[in-house]
Number of protein chains: 2
Amino acid sequence: MIENTIVTAAMLAIGDELLSGRTKDKNIGHLADVLTLAAIDLKEVRIVSDDEAAIVAAVNALRGQYDYVFTSGGIGPTHDDITADAVSRAFGVECVHDPEAMVLLAAMYERRGMEFTEARRRMARMPNGSRHIPNAVSTAPGFIIGNVHVMAGVPQVFQAMLNAILPELKTGTAVLSRSVLSPFGEGDIGGPLTLVQKAHPETSIGSYPKFDGRNFSTDIVIRARDETVLAAAEAAVVAMMADITAAKAGQFPAAD
Amino acid sequence: MIENTIVTAAMLAIGDELLSGRTKDKNIGHLADVLTLAAIDLKEVRIVSDDEAAIVAAVNALRGQYDYVFTSGGIGPTHDDITADAVSRAFGVECVHDPEAMVLLAAMYERRGMEFTEARRRMARMPNGSRHIPNAVSTAPGFIIGNVHVMAGVPQVFQAMLNAILPELKTGTAVLSRSVLSPFGEGDIGGPLTLVQKAHPETSIGSYPKFDGRNFSTDIVIRARDETVLAAAEAAVVAMMADITAAKAGQFPAAD
């Protein structure tokens with residue numbers, strides 16, 4: 001009996017520009033890559049607009065369901081940056097100008113000879129009781145409250161914040177994966193692959209069609225949290241592919 | 001009093017590979033672009049894994065809340081393609097081999113001299129009572145049940161299916177938009193821009209920071225469903241930018 005630790009996460013990407021098509025999100029794919037390497041299972045992503053009620057509803061739905069929630073966007077200095085207010089409301093706490101963030105930002109703008117405007121002070125606002133997420137790119141911190149990690153939408157800043165929090169996240173048993181490339185489409189391999197999946201229930205076998213404009217081919221990806229389990233399923237997929245190749249060539253495999 | 005028609009939509013992207021980072025989704029951004037041009041407001045996007053309960057919950061949450069739901073992924077021939085089953089369950093109807101789809105697919109495979117395998121027959125399955133979405137790329141149809149439009153995950157096929165259904169979707173009053181580029185970061189423009197937004201409540205003014213590795217600049221996007229309303233807000237933003245530029249240059253604008 002293998003004991004696996006599963007750690008789950010959800011992402012909430014916030015911003016009208018993602019839903020209008022004006023900005024093509026880059027943070028979801030990056031977070032997915034990083035969490036997979038960290039053995040944290042990203043289970044769900046939502047994208048909502050800069051609408052307080054929509055953000056509150058999504059934060060509350062996700063934070064109750066998963067170990068971690070990561071958000072992107074809406075923590076800048078302008079009127080449409082309302083993530084700090086919405087997350088505060090989701091947790092039922094006051095949104096305050098965090099004293100430590102005020103000191104950080106005031107010092108940074110003084111160094112740069114820039115005015116610490118009312119708009120810039122907005123970037124120090126966070127739910128009362130939050131911890132900071134350091135921002136190595138542009139100083140203004142993200143924040144953590146409960147299991148919710150609030151980060152910027154600008155990809156360079158999102159990535160820097162994610163790097164900062166990664167060492168302190170609890171991680172699960174890594175999901176190992178192995179790929180087998182099939183020159184055949186899913187219609188040729190789907191039947192036999194179902195049998196392989198059924199014979200290897202501790203693995204998750206995914207089948208990803210590719211289309212080059214004329215023909216379909218397929219990437220078969222086998223995932224498991226144990227190397228022995230993974231290797232057995234991979235061998236079964238490889239054997240299945242050899243059988244299909246032989247059958248296609250008119251050379252039927254010998255009976256067992 | 002301006003009467004606007006608002007038509008809303010949500011997208012549900014389905015697939016483990018989107019959440020593991022293996023595949024970087026291309027359909028969300030494409031759908032966002034197309035719906036914006038069609039004057040349909042994309043309000044929410046969710047990404048879930050190939051998990052029947054997760055798909056059922058998302059379909060039922062979204063179809064009750066928005067005029068249209070568009071899904072991508074999970075309608076191929078392999079064991080991990082379970083969207084047809086999940087959508088059937090969400091609507092409480094049987095998932096059947098659609099007779100018309102069976103005829104289409106059988107004819108296509110016969111023309112191509114290919115076996116109509118059990119796996120390929122899976123692609124004819126859809127909730128009882130669905131209408132087809134034609135597939136100009138690879139024949140196997142998507143389907144429509146209620147307000148839910150189920151399409152393929154392969155981008156070329158998703159796009160072909162979306163093109164096929166677009167003419168029959170009801171559309172709203174178009175959202176017009178105008179961009180003003182600001183060489184200044186959001187901290188410089190955030191205060192004045194809040195006043196402009198308050199003075200033009202029928203518009204939605206978005207502010208999108210860009211970071212070139214050293215400095216922030218900002219795209220200001222003004223949106224409205226009426227040209228006169230839009231033009232007035234745009235003029236106010238342009239005047240605001242002139243004031244900020246003059247102030248930055250030490251030349252304060254003359255008092256009114």
# chains A, B, ... in the order shown; residues from 1 in each chain; ligands from 1
>>> interface_residues(of="chain A", to="chain B", cutoff="6 Å", atoms="only C-alpha atoms", output="short mmCIF file (atom, residue, chain, number, x, y, z; two decimals) with N, CA, C and O atoms, in the first residue's frame")
data_model
loop_
_atom_site.label_atom_id
_atom_site.label_comp_id
_atom_site.auth_asym_id
_atom_site.auth_seq_id
_atom_site.Cartn_x
_atom_site.Cartn_y
_atom_site.Cartn_z
N LEU A 19 -10.72 38.77 -20.07
CA LEU A 19 -12.01 38.31 -20.59
C LEU A 19 -12.40 39.02 -21.88
O LEU A 19 -13.27 38.55 -22.62
N SER A 20 -11.78 40.17 -22.14
CA SER A 20 -12.07 40.88 -23.39
C SER A 20 -11.13 40.42 -24.50
O SER A 20 -11.32 40.76 -25.66
N GLY A 21 -10.11 39.66 -24.15
CA GLY A 21 -9.13 39.22 -25.14
C GLY A 21 -7.97 40.20 -25.30
O GLY A 21 -7.00 39.90 -25.99
N LYS A 24 -3.61 38.35 -23.26
CA LYS A 24 -3.61 36.88 -23.24
C LYS A 24 -2.86 36.45 -21.99
O LYS A 24 -1.66 36.72 -21.87
N GLY A 29 -0.45 29.31 -17.16
CA GLY A 29 0.48 28.28 -17.65
C GLY A 29 1.75 28.23 -16.81
O GLY A 29 2.27 27.15 -16.53
N ALA A 32 0.93 26.63 -13.48
CA ALA A 32 0.73 25.19 -13.70
C ALA A 32 2.08 24.47 -13.77
O ALA A 32 2.29 23.44 -13.13
N ASP A 33 3.01 25.02 -14.53
CA ASP A 33 4.34 24.42 -14.65
C ASP A 33 5.04 24.35 -13.29
O ASP A 33 5.60 23.32 -12.92
N THR A 36 3.36 21.89 -10.78
CA THR A 36 3.62 20.49 -11.16
C THR A 36 5.01 20.07 -10.68
O THR A 36 5.19 19.01 -10.09
N LEU A 42 -2.64 21.41 -9.19
CA LEU A 42 -3.56 22.48 -9.57
C LEU A 42 -4.85 21.82 -10.08
O LEU A 42 -4.82 21.11 -11.08
N GLU A 44 -8.11 23.50 -10.29
CA GLU A 44 -9.13 24.35 -10.91
C GLU A 44 -8.56 25.75 -11.13
O GLU A 44 -7.77 26.23 -10.31
N VAL A 45 -8.98 26.38 -12.21
CA VAL A 45 -8.63 27.79 -12.47
C VAL A 45 -9.92 28.53 -12.77
O VAL A 45 -10.82 27.99 -13.42
N ARG A 46 -10.05 29.72 -12.25
CA ARG A 46 -11.16 30.60 -12.66
C ARG A 46 -10.59 31.94 -13.10
O ARG A 46 -9.60 32.42 -12.55
N ILE A 47 -11.24 32.55 -14.09
CA ILE A 47 -10.93 33.92 -14.48
C ILE A 47 -12.20 34.73 -14.28
O ILE A 47 -13.27 34.34 -14.78
N VAL A 48 -12.11 35.82 -13.53
CA VAL A 48 -13.27 36.70 -13.34
C VAL A 48 -12.86 38.14 -13.63
O VAL A 48 -11.67 38.46 -13.69
N PRO A 77 -2.24 50.43 -8.35
CA PRO A 77 -2.66 51.68 -7.72
C PRO A 77 -3.93 52.33 -8.28
O PRO A 77 -4.33 53.39 -7.78
N THR A 78 -4.57 51.73 -9.27
CA THR A 78 -5.69 52.45 -9.89
C THR A 78 -7.06 51.99 -9.39
O THR A 78 -7.17 50.98 -8.70
N HIS A 79 -8.09 52.75 -9.78
CA HIS A 79 -9.45 52.52 -9.26
C HIS A 79 -9.98 51.13 -9.60
O HIS A 79 -10.85 50.62 -8.92
N ALA A 119 -2.57 57.44 -5.03
CA ALA A 119 -2.73 56.21 -5.82
C ALA A 119 -1.70 55.17 -5.39
O ALA A 119 -2.03 54.00 -5.19
N ARG A 120 -0.45 55.61 -5.23
CA ARG A 120 0.61 54.66 -4.85
C ARG A 120 0.37 54.09 -3.46
O ARG A 120 0.72 52.95 -3.17
N GLU A 186 -6.08 9.23 -32.22
CA GLU A 186 -6.73 8.63 -31.05
C GLU A 186 -7.72 7.53 -31.43
O GLU A 186 -7.97 6.62 -30.65
N GLY A 187 -8.28 7.62 -32.64
CA GLY A 187 -9.25 6.61 -33.07
C GLY A 187 -8.62 5.24 -33.22
O GLY A 187 -9.27 4.20 -33.03
N GLY A 190 -7.45 4.41 -29.20
CA GLY A 190 -8.37 4.61 -28.08
C GLY A 190 -8.85 3.33 -27.42
O GLY A 190 -8.89 3.23 -26.20
N GLY A 191 -9.21 2.33 -28.24
CA GLY A 191 -9.72 1.06 -27.69
C GLY A 191 -8.67 0.35 -26.84
O GLY A 191 -8.87 0.12 -25.64
N THR A 194 -7.71 2.15 -23.59
CA THR A 194 -8.69 2.01 -22.50
C THR A 194 -8.39 0.75 -21.68
O THR A 194 -8.46 0.77 -20.45
#
>>> calpha_fit_and_write(fixed="chain A", moving="chain B", output="tab-separated table (two decimals) with C-alpha atoms, in the first residue's frame")
chain	number	residue	atom	x	y	z
B	1	MET	CA	0.03	0.01	0.04
B	2	ILE	CA	1.59	3.27	-1.08
B	3	GLU	CA	0.91	6.33	1.08
B	4	ASN	CA	0.73	9.45	-1.04
B	5	THR	CA	0.42	13.02	0.17
B	6	ILE	CA	-1.83	15.09	-2.07
B	7	VAL	CA	-1.66	18.88	-1.86
B	8	THR	CA	-4.22	20.76	-3.97
B	9	ALA	CA	-4.44	24.28	-5.33
B	10	ALA	CA	-6.65	26.58	-7.38
B	11	MET	CA	-5.86	29.75	-9.26
B	12	LEU	CA	-8.03	32.83	-9.61
B	13	ALA	CA	-6.95	35.22	-12.38
B	14	ILE	CA	-8.61	38.62	-12.02
B	15	GLY	CA	-9.05	41.22	-14.76
B	16	ASP	CA	-11.48	42.54	-17.40
B	17	GLU	CA	-8.62	42.53	-19.91
B	18	LEU	CA	-8.31	38.71	-19.75
B	19	LEU	CA	-12.02	38.31	-20.59
B	20	SER	CA	-12.07	40.91	-23.38
B	21	GLY	CA	-9.13	39.24	-25.12
B	22	ARG	CA	-7.03	42.40	-24.80
B	23	THR	CA	-4.47	40.55	-22.66
B	24	LYS	CA	-3.62	36.90	-23.25
B	25	ASP	CA	-2.96	35.42	-19.81
B	26	LYS	CA	0.57	34.12	-19.20
B	27	ASN	CA	0.30	33.43	-15.47
B	28	ILE	CA	-1.94	30.34	-15.54
B	29	GLY	CA	0.47	28.29	-17.66
B	30	HIS	CA	3.44	29.46	-15.59
B	31	LEU	CA	1.76	28.59	-12.29
B	32	ALA	CA	0.74	25.19	-13.70
B	33	ASP	CA	4.35	24.43	-14.66
B	34	VAL	CA	5.76	25.56	-11.31
B	35	LEU	CA	3.17	23.72	-9.19
B	36	THR	CA	3.63	20.50	-11.18
B	37	LEU	CA	7.37	20.64	-10.47
B	38	ALA	CA	6.61	21.36	-6.79
B	39	ALA	CA	4.21	18.37	-6.57
B	40	ILE	CA	1.20	20.55	-5.83
B	41	ASP	CA	-1.91	19.54	-7.84
B	42	LEU	CA	-3.55	22.49	-9.60
B	43	LYS	CA	-7.19	21.35	-9.69
B	44	GLU	CA	-9.12	24.35	-10.95
B	45	VAL	CA	-8.62	27.78	-12.48
B	46	ARG	CA	-11.14	30.61	-12.66
B	47	ILE	CA	-10.92	33.92	-14.48
B	48	VAL	CA	-13.26	36.70	-13.33
B	49	SER	CA	-13.58	40.40	-14.11
B	50	ASP	CA	-12.74	43.38	-11.88
B	51	ASP	CA	-16.05	42.96	-10.10
B	52	GLU	CA	-16.06	42.79	-6.31
B	53	ALA	CA	-18.97	40.38	-5.97
B	54	ALA	CA	-17.47	38.00	-8.57
B	55	ILE	CA	-14.06	38.03	-6.85
B	56	VAL	CA	-15.55	37.49	-3.38
B	57	ALA	CA	-17.66	34.55	-4.60
B	58	ALA	CA	-14.73	32.90	-6.37
B	59	VAL	CA	-12.28	33.38	-3.46
B	60	ASN	CA	-14.75	31.90	-0.99
B	61	ALA	CA	-15.65	28.96	-3.27
B	62	LEU	CA	-12.01	28.07	-3.93
B	63	ARG	CA	-10.43	28.64	-0.51
B	64	GLY	CA	-12.82	26.16	1.11
B	65	GLN	CA	-12.21	23.49	-1.50
B	66	TYR	CA	-8.42	23.45	-1.98
B	67	ASP	CA	-5.28	23.62	0.18
B	68	TYR	CA	-4.00	26.75	-1.57
B	69	VAL	CA	-5.47	29.54	-3.66
B	70	PHE	CA	-3.24	31.75	-5.82
B	71	THR	CA	-4.60	34.93	-7.35
B	72	SER	CA	-3.19	37.23	-10.03
B	73	GLY	CA	-4.11	40.80	-10.82
B	74	GLY	CA	-5.89	43.79	-9.36
B	75	ILE	CA	-3.36	44.93	-6.73
B	76	GLY	CA	-2.02	48.01	-8.52
B	77	PRO	CA	-2.66	51.69	-7.70
B	78	THR	CA	-5.69	52.49	-9.88
B	79	HIS	CA	-9.44	52.55	-9.26
B	80	ASP	CA	-9.96	49.22	-11.08
B	81	ASP	CA	-7.52	47.45	-8.72
B	82	ILE	CA	-9.99	46.09	-6.18
B	83	THR	CA	-8.53	42.71	-5.26
B	84	ALA	CA	-7.41	43.81	-1.76
B	85	ASP	CA	-10.93	45.10	-0.99
B	86	ALA	CA	-12.58	41.97	-2.39
B	87	VAL	CA	-10.31	39.53	-0.53
B	88	SER	CA	-10.84	41.51	2.69
B	89	ARG	CA	-14.59	41.21	2.21
B	90	ALA	CA	-14.28	37.48	1.45
B	91	PHE	CA	-12.53	37.02	4.81
B	92	GLY	CA	-14.80	39.50	6.63
B	93	VAL	CA	-11.89	41.70	7.76
B	94	GLU	CA	-11.04	45.35	7.23
B	95	CYS	CA	-8.90	46.46	4.28
B	96	VAL	CA	-6.17	48.67	5.75
B	97	HIS	CA	-3.05	50.59	4.72
B	98	ASP	CA	-0.50	48.10	6.10
B	99	PRO	CA	2.04	50.11	8.17
B	100	GLU	CA	5.02	47.97	7.11
B	101	ALA	CA	4.07	48.27	3.42
B	102	MET	CA	3.65	52.05	3.81
B	103	VAL	CA	7.23	52.30	5.18
B	104	LEU	CA	8.62	50.12	2.35
B	105	LEU	CA	6.86	52.08	-0.38
B	106	ALA	CA	7.59	55.53	1.12
B	107	ALA	CA	11.30	54.68	1.30
B	108	MET	CA	11.35	53.36	-2.27
B	109	TYR	CA	9.69	56.45	-3.73
B	110	GLU	CA	11.92	58.73	-1.68
B	111	ARG	CA	15.04	56.94	-3.01
B	112	ARG	CA	13.72	57.39	-6.55
B	113	GLY	CA	12.77	61.04	-5.99
B	114	MET	CA	9.13	60.27	-6.79
B	115	GLU	CA	6.01	61.50	-5.08
B	116	PHE	CA	4.28	58.92	-2.81
B	117	THR	CA	0.85	59.71	-4.29
B	118	GLU	CA	-2.53	58.70	-2.91
B	119	ALA	CA	-2.73	56.20	-5.82
B	120	ARG	CA	0.61	54.66	-4.84
B	121	ARG	CA	-0.54	54.44	-1.19
B	122	ARG	CA	-3.33	52.17	-2.46
B	123	MET	CA	-0.68	49.52	-3.10
B	124	ALA	CA	-0.06	49.26	0.65
B	125	ARG	CA	-3.68	48.24	1.26
B	126	MET	CA	-4.38	44.64	2.28
B	127	PRO	CA	-6.71	42.69	4.57
B	128	ASN	CA	-5.96	43.34	8.24
B	129	GLY	CA	-3.72	40.51	9.50
B	130	SER	CA	-2.12	39.62	6.16
B	131	ARG	CA	1.49	38.59	5.73
B	132	HIS	CA	3.56	40.16	2.92
B	133	ILE	CA	4.72	38.45	-0.25
B	134	PRO	CA	8.00	40.19	-1.19
B	135	ASN	CA	8.19	41.80	-4.63
B	136	ALA	CA	11.78	41.76	-5.93
B	137	VAL	CA	10.77	43.59	-9.12
B	138	SER	CA	8.80	46.66	-8.07
B	139	THR	CA	8.64	46.63	-4.21
B	140	ALA	CA	4.81	46.80	-3.69
B	141	PRO	CA	4.14	43.53	-1.85
B	142	GLY	CA	1.52	40.88	-2.47
B	143	PHE	CA	-0.10	39.33	0.58
B	144	ILE	CA	-1.19	36.08	2.19
B	145	ILE	CA	-4.34	35.69	4.26
B	146	GLY	CA	-5.45	32.22	5.34
B	147	ASN	CA	-4.63	29.92	2.41
B	148	VAL	CA	-5.04	32.68	-0.20
B	149	HIS	CA	-1.92	34.10	-1.87
B	150	VAL	CA	-2.56	37.39	-3.65
B	151	MET	CA	-0.07	38.31	-6.38
B	152	ALA	CA	0.31	40.85	-9.17
B	153	GLY	CA	-0.93	40.36	-12.73
B	154	VAL	CA	2.16	41.65	-14.55
B	155	PRO	CA	3.94	38.37	-15.40
B	156	GLN	CA	7.43	39.43	-14.25
B	157	VAL	CA	6.04	40.49	-10.87
B	158	PHE	CA	3.77	37.42	-10.58
B	159	GLN	CA	6.76	35.17	-11.21
B	160	ALA	CA	8.96	36.99	-8.68
B	161	MET	CA	6.23	36.73	-6.02
B	162	LEU	CA	5.67	33.04	-6.77
B	163	ASN	CA	9.41	32.39	-6.42
B	164	ALA	CA	9.30	34.12	-3.04
B	165	ILE	CA	6.51	31.98	-1.57
B	166	LEU	CA	7.44	28.64	-3.14
B	167	PRO	CA	9.95	27.53	-0.47
B	168	GLU	CA	7.33	27.77	2.30
B	169	LEU	CA	4.53	25.84	0.55
B	170	LYS	CA	3.88	22.28	1.69
B	171	THR	CA	4.28	19.87	-1.21
B	172	GLY	CA	2.89	16.45	-1.99
B	173	THR	CA	4.26	13.22	-3.38
B	174	ALA	CA	5.54	14.15	-6.82
B	175	VAL	CA	3.56	12.98	-9.83
B	176	LEU	CA	6.00	11.24	-12.15
B	177	SER	CA	5.20	11.19	-15.84
B	178	ARG	CA	6.41	9.48	-18.99
B	179	SER	CA	5.39	10.27	-22.60
B	180	VAL	CA	4.94	7.87	-25.50
B	181	LEU	CA	4.48	9.46	-28.94
B	182	SER	CA	1.98	7.78	-31.22
B	183	PRO	CA	2.03	8.47	-34.97
B	184	PHE	CA	-1.56	7.21	-35.01
B	185	GLY	CA	-4.63	9.23	-34.14
B	186	GLU	CA	-6.75	8.63	-31.07
B	187	GLY	CA	-9.27	6.61	-33.10
B	188	ASP	CA	-6.66	3.90	-33.71
B	189	ILE	CA	-5.33	3.74	-30.18
B	190	GLY	CA	-8.41	4.62	-28.11
B	191	GLY	CA	-9.75	1.06	-27.71
B	192	PRO	CA	-6.50	-0.65	-26.67
B	193	LEU	CA	-5.50	2.35	-24.52
B	194	THR	CA	-8.73	2.03	-22.51
B	195	LEU	CA	-7.74	-1.57	-21.68
B	196	VAL	CA	-4.26	-0.44	-20.59
B	197	GLN	CA	-5.79	2.26	-18.35
B	198	LYS	CA	-8.16	-0.32	-16.79
B	199	ALA	CA	-5.27	-2.74	-16.15
B	200	HIS	CA	-3.24	0.04	-14.47
B	201	PRO	CA	-5.75	1.82	-12.24
B	202	GLU	CA	-3.12	3.52	-10.06
B	203	THR	CA	-1.95	5.52	-13.06
B	204	SER	CA	-3.64	8.30	-14.95
B	205	ILE	CA	-3.15	7.93	-18.70
B	206	GLY	CA	-3.85	11.00	-20.78
B	207	SER	CA	-4.12	11.11	-24.54
B	208	TYR	CA	-3.50	14.42	-26.32
B	209	PRO	CA	-4.31	14.74	-30.01
B	210	LYS	CA	-2.18	16.91	-32.26
B	211	PHE	CA	-3.27	18.06	-35.70
B	212	ASP	CA	-0.75	19.22	-38.32
B	213	GLY	CA	-3.40	20.44	-40.76
B	214	ARG	CA	-3.72	17.01	-42.44
B	215	ASN	CA	-3.34	14.22	-39.90
B	216	PHE	CA	-3.82	13.60	-36.22
B	217	SER	CA	-1.08	12.09	-34.07
B	218	THR	CA	-1.23	11.55	-30.32
B	219	ASP	CA	0.91	12.16	-27.27
B	220	ILE	CA	0.20	9.55	-24.63
B	221	VAL	CA	1.20	10.70	-21.13
B	222	ILE	CA	1.27	8.24	-18.23
B	223	ARG	CA	1.25	9.69	-14.71
B	224	ALA	CA	1.74	8.01	-11.34
B	225	ARG	CA	3.20	8.85	-7.95
B	226	ASP	CA	5.29	5.64	-7.84
B	227	GLU	CA	8.12	4.69	-10.21
B	228	THR	CA	7.35	0.93	-10.29
B	229	VAL	CA	3.68	1.55	-11.05
B	230	LEU	CA	4.65	4.08	-13.72
B	231	ALA	CA	7.20	1.80	-15.40
B	232	ALA	CA	4.71	-1.10	-15.65
B	233	ALA	CA	2.08	1.09	-17.32
B	234	GLU	CA	4.66	2.62	-19.65
B	235	ALA	CA	5.77	-0.87	-20.73
B	236	ALA	CA	2.15	-1.79	-21.42
B	237	VAL	CA	1.66	1.31	-23.59
B	238	VAL	CA	4.87	0.60	-25.51
B	239	ALA	CA	3.76	-3.01	-26.11
B	240	MET	CA	0.34	-1.76	-27.23
B	241	MET	CA	1.97	0.61	-29.72
B	242	ALA	CA	4.11	-2.23	-31.12
B	243	ASP	CA	0.95	-4.33	-31.61
B	244	ILE	CA	-0.85	-1.50	-33.41
B	245	THR	CA	2.17	-0.79	-35.61
B	246	ALA	CA	2.45	-4.49	-36.54
B	247	ALA	CA	-1.29	-4.74	-37.25
B	248	LYS	CA	-1.14	-1.60	-39.43
B	249	ALA	CA	1.75	-3.19	-41.37
B	250	GLY	CA	-0.34	-6.34	-41.94
B	251	GLN	CA	1.99	-8.31	-39.68
B	252	PHE	CA	-0.22	-9.46	-36.86
B	253	PRO	CA	1.56	-10.16	-33.61
B	254	ALA	CA	2.12	-13.83	-32.75
B	255	ALA	CA	-0.38	-15.31	-30.34
B	256	ASP	CA	0.92	-15.58	-26.78
>>> select_by_dssp(residues="region 147-232 of chain A", states="strand (DSSP E)", output="MDAnalysis selection string")
chainID A and resid 148:151 176:182 204:211 216:224
>>> select_by_dssp(residues="region 24-256 of chain B", states="alpha helix (DSSP H)", output="ChimeraX atom specification")
/B:27-37,52-63,83-91,99-111,118-122,155-165,186-199,227-248
>>> decode(residues="region 55-68 of chain B", atoms="N, CA, C and O atoms", output="compact mmCIF listing (two decimals), in the first residue's frame")
# COMPACT_ATOMS: atom_id res chain seq x y z
N ILE B 55 -16.64 18.51 -13.82
CA ILE B 55 -17.26 19.05 -15.05
C ILE B 55 -18.75 19.30 -14.82
O ILE B 55 -19.29 20.36 -15.19
N VAL B 56 -19.43 18.34 -14.21
CA VAL B 56 -20.88 18.48 -13.95
C VAL B 56 -21.14 19.72 -13.09
O VAL B 56 -22.02 20.54 -13.41
N ALA B 57 -20.35 19.88 -12.02
CA ALA B 57 -20.56 21.03 -11.12
C ALA B 57 -20.35 22.35 -11.86
O ALA B 57 -21.13 23.29 -11.71
N ALA B 58 -19.30 22.40 -12.68
CA ALA B 58 -19.00 23.66 -13.38
C ALA B 58 -20.07 23.97 -14.44
O ALA B 58 -20.53 25.11 -14.55
N VAL B 59 -20.47 22.95 -15.20
CA VAL B 59 -21.50 23.16 -16.24
C VAL B 59 -22.78 23.67 -15.59
O VAL B 59 -23.39 24.64 -16.05
N ASN B 60 -23.19 23.04 -14.50
CA ASN B 60 -24.45 23.46 -13.87
C ASN B 60 -24.34 24.84 -13.22
O ASN B 60 -25.30 25.62 -13.24
N ALA B 61 -23.18 25.18 -12.65
CA ALA B 61 -23.01 26.52 -12.07
C ALA B 61 -23.06 27.59 -13.16
O ALA B 61 -23.70 28.63 -12.99
N LEU B 62 -22.42 27.32 -14.28
CA LEU B 62 -22.28 28.36 -15.32
C LEU B 62 -23.54 28.49 -16.17
O LEU B 62 -23.94 29.61 -16.53
N ARG B 63 -24.21 27.38 -16.49
CA ARG B 63 -25.34 27.47 -17.42
C ARG B 63 -26.53 28.18 -16.79
O ARG B 63 -27.37 28.75 -17.50
N GLY B 64 -26.60 28.19 -15.46
CA GLY B 64 -27.69 28.91 -14.80
C GLY B 64 -27.41 30.39 -14.66
O GLY B 64 -28.33 31.17 -14.38
N GLN B 65 -26.14 30.77 -14.82
CA GLN B 65 -25.74 32.14 -14.49
C GLN B 65 -25.56 33.02 -15.73
O GLN B 65 -25.61 34.25 -15.62
N TYR B 66 -25.31 32.40 -16.88
CA TYR B 66 -24.98 33.17 -18.08
C TYR B 66 -25.84 32.73 -19.26
O TYR B 66 -26.38 31.63 -19.26
N ASP B 67 -25.95 33.62 -20.27
CA ASP B 67 -26.77 33.29 -21.44
C ASP B 67 -26.21 32.09 -22.22
O ASP B 67 -26.96 31.24 -22.69
N TYR B 68 -24.87 32.08 -22.37
CA TYR B 68 -24.23 31.00 -23.12
C TYR B 68 -23.09 30.40 -22.32
O TYR B 68 -22.40 31.12 -21.59
